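A.B. asks: Okay, handing you the structure first.
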Amino acid sequence: MALGTVRLVLEVIAGVRTPHHLSHRATPQVCRGLAEHHRPLAAGTRYVPPRVLTTWLQEPAADRAETGAVALLNGRVHALAMRLERVRGRWRCTTLETTAPV
């Protein structure tokens, strides 16, 4: 659940996926926030997949989870924090914060 969403968010930030790929895992507000700053990977640019260095998950309530990650993205280390909430039986990212340039 959380690790897959973390990886998708990192790929959107890296420019290899569009924010639309998150539509089933994130709220429209989160997708719009990423879309405002989305920069597709330039043609011919060598792509190095983001590497998740560490993750953690806390569940402060029954239908809420907070997850975070430290990842290597484009040669730099960045932090990522997300709030996940169960919406109609599915976990969705409702809040996203990152040190990566989005």
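Within each chain, counting starts at residue 1; across the structure tokens, chains are named A, B, ... in the order shown, with ligands numbered 1 upward in that order.
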Run DSSP on the backbone and give me the residues of chain A it puts in helix (DSSP H, G or I), as a PyMOL selection string.

C.D. replies: chain A and resi 2-14+19-22+28-36

A.B. asks: Hey, can you spit out that residue selection with C-alpha atoms as a PDB file, in the first residue's frame?

C.D. replies:
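As written to disk, selection14.pdb reads:
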```
ATOM      1  CA  ALA A   2       2.279   2.787   1.220  1.00  0.00           C
ATOM      2  CA  LEU A   3       5.501   1.736  -0.509  1.00  0.00           C
ATOM      3  CA  GLY A   4       3.782   1.494  -3.888  1.00  0.00           C
ATOM      4  CA  THR A   5       2.328   4.975  -3.452  1.00  0.00           C
ATOM      5  CA  VAL A   6       5.731   6.335  -2.378  1.00  0.00           C
ATOM      6  CA  ARG A   7       7.332   4.887  -5.510  1.00  0.00           C
ATOM      7  CA  LEU A   8       4.625   6.330  -7.771  1.00  0.00           C
ATOM      8  CA  VAL A   9       4.965   9.787  -6.208  1.00  0.00           C
ATOM      9  CA  LEU A  10       8.742   9.680  -6.703  1.00  0.00           C
ATOM     10  CA  GLU A  11       8.314   8.692 -10.353  1.00  0.00           C
ATOM     11  CA  VAL A  12       5.898  11.601 -10.875  1.00  0.00           C
ATOM     12  CA  ILE A  13       8.371  13.995  -9.260  1.00  0.00           C
ATOM     13  CA  ALA A  14      11.177  12.544 -11.411  1.00  0.00           C
ATOM     14  CA  PRO A  19       0.212  12.882 -11.969  1.00  0.00           C
ATOM     15  CA  HIS A  20      -2.722  11.039 -13.580  1.00  0.00           C
ATOM     16  CA  HIS A  21      -1.004   7.753 -12.634  1.00  0.00           C
ATOM     17  CA  LEU A  22      -1.784   8.606  -9.008  1.00  0.00           C
ATOM     18  CA  PRO A  28      -7.665  15.126  -6.738  1.00  0.00           C
ATOM     19  CA  GLN A  29      -6.124  17.892  -4.599  1.00  0.00           C
ATOM     20  CA  VAL A  30      -2.814  16.007  -4.296  1.00  0.00           C
ATOM     21  CA  CYS A  31      -2.805  15.193  -8.021  1.00  0.00           C
ATOM     22  CA  ARG A  32      -3.490  18.833  -8.909  1.00  0.00           C
ATOM     23  CA  GLY A  33      -0.665  19.985  -6.632  1.00  0.00           C
ATOM     24  CA  LEU A  34       1.762  17.674  -8.407  1.00  0.00           C
ATOM     25  CA  ALA A  35       0.392  18.591 -11.839  1.00  0.00           C
ATOM     26  CA  GLU A  36       1.033  22.305 -11.243  1.00  0.00           C
TER      27      GLU A  36
END
```

A.B. asks: I want to know what sits within 6 Å of stretch 47-52 of chain A, based on only C-alpha atoms, with residues of the same chain fewer than 3 positions away left out; could you give that as a list in words?

C.D. replies: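 The neighbour list is Ala71, Leu72 and Leu73 of chain A.
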
A.B. asks: Those same residues, written as a JSON list (two decimals), in the first residue's frame with N, CA and C atoms?

C.D. replies:
```
[["chain", "number", "residue", "atom", "x", "y", "z"],
["A", 71, "ALA", "N", 14.54, 9.14, 0.14],
["A", 71, "ALA", "CA", 14.83, 8.55, -1.16],
["A", 71, "ALA", "C", 15.93, 9.31, -1.88],
["A", 72, "LEU", "N", 16.61, 8.58, -2.72],
["A", 72, "LEU", "CA", 17.62, 9.16, -3.60],
["A", 72, "LEU", "C", 16.94, 9.44, -4.94],
["A", 73, "LEU", "N", 16.91, 10.71, -5.32],
["A", 73, "LEU", "CA", 16.20, 11.13, -6.53],
["A", 73, "LEU", "C", 17.09, 12.10, -7.29]]
```

A.B. asks: Here is a test: counting only C-alpha atoms, which residue of A:Ala65, A:Arg17, A:His37, A:Asn74 is nearest to A:Thr94?

C.D. replies: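 Under the stated criterion, the closest residue is A:Ala65.
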
A.B. asks: Excluding A:Arg25 and any residue of its chain fewer than 2 positions from it, enumerate the residues within 8 Å of it, using only C-alpha atoms, and give them as a list of chain:residue names.

C.D. replies: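 Here the answer would be A:Thr5, A:Leu22, A:Ser23, A:Thr27, A:Trp91, A:Arg92, A:Cys93.
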
A.B. asks: Residues as selected, N, CA and C atoms, written as a JSON list (two decimals), in the first residue's frame, can you do that?

C.D. replies:
```json
[["chain", "number", "residue", "atom", "x", "y", "z"],
["A", 5, "THR", "N", 2.70, 3.58, -3.27],
["A", 5, "THR", "CA", 2.33, 4.98, -3.45],
["A", 5, "THR", "C", 3.56, 5.87, -3.39],
["A", 22, "LEU", "N", -1.45, 8.67, -10.43],
["A", 22, "LEU", "CA", -1.78, 8.61, -9.01],
["A", 22, "LEU", "C", -3.28, 8.72, -8.73],
["A", 23, "SER", "N", -4.08, 8.86, -9.76],
["A", 23, "SER", "CA", -5.49, 9.18, -9.57],
["A", 23, "SER", "C", -6.25, 8.17, -8.70],
["A", 27, "THR", "N", -5.86, 11.84, -3.69],
["A", 27, "THR", "CA", -7.04, 12.68, -3.90],
["A", 27, "THR", "C", -6.78, 13.64, -5.06],
["A", 91, "TRP", "N", -7.22, 2.96, 0.33],
["A", 91, "TRP", "CA", -6.27, 3.90, 0.89],
["A", 91, "TRP", "C", -5.91, 4.93, -0.17],
["A", 92, "ARG", "N", -6.00, 6.22, 0.22],
["A", 92, "ARG", "CA", -5.66, 7.31, -0.71],
["A", 92, "ARG", "C", -4.80, 8.33, 0.01],
["A", 93, "CYS", "N", -3.85, 8.88, -0.71],
["A", 93, "CYS", "CA", -3.00, 9.93, -0.19],
["A", 93, "CYS", "C", -3.81, 11.23, -0.18]]
```

A.B. asks: So that I can see what lies close to A:Ala62, please list as a ChimeraX atom specification the residues with an atom at most 10 Å from it, counting only C-alpha atoms and leaving out residues fewer than 3 positions away in the same chain.

C.D. replies: /A:59,65,85-86

A.B. asks: Output C-alpha atoms for every residue in the selection just made, as a PDB file, in the first residue's frame.

C.D. replies:
```pdb
ATOM      1  CA  GLU A  59      -1.402   4.374  12.135  1.00  0.00           C
ATOM      2  CA  ALA A  65      -1.936   6.270   8.323  1.00  0.00           C
ATOM      3  CA  GLU A  85      -6.869   7.849   4.615  1.00  0.00           C
ATOM      4  CA  ARG A  86      -9.272   5.053   3.850  1.00  0.00           C
TER       5      ARG A  86
END
```

A.B. asks: Would you please give, as a ChimeraX atom specification, all residues of chain A that DSSP assigns to strand (DSSP E or B) based on the backbone?

C.D. replies: /A:26,51-61,64-73,76-87,90-98

A.B. asks: Write out as a list in words which residues come within 8 Å of A:Trp56 when counting only C-alpha atoms, dropping same-chain ones fewer than 6 positions away.

C.D. replies: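 Counting only C-alpha atoms, the residues come to Thr67, Gly68 and Ala69 of chain A.
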
A.B. asks: By how many Å are atom CA of A:Ala81 and atom CA of A:Asp63 apart?

C.D. replies: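 Here the two named atoms are 17.2 Å from each other.
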
A.B. asks: By how many Å are atom CA of A:Ala26 and atom CA of A:Val70 apart?

C.D. replies: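 Taking atom CA of A:Ala26 as the start and atom CA of A:Val70 as the end point, the length is 19.4 Å.
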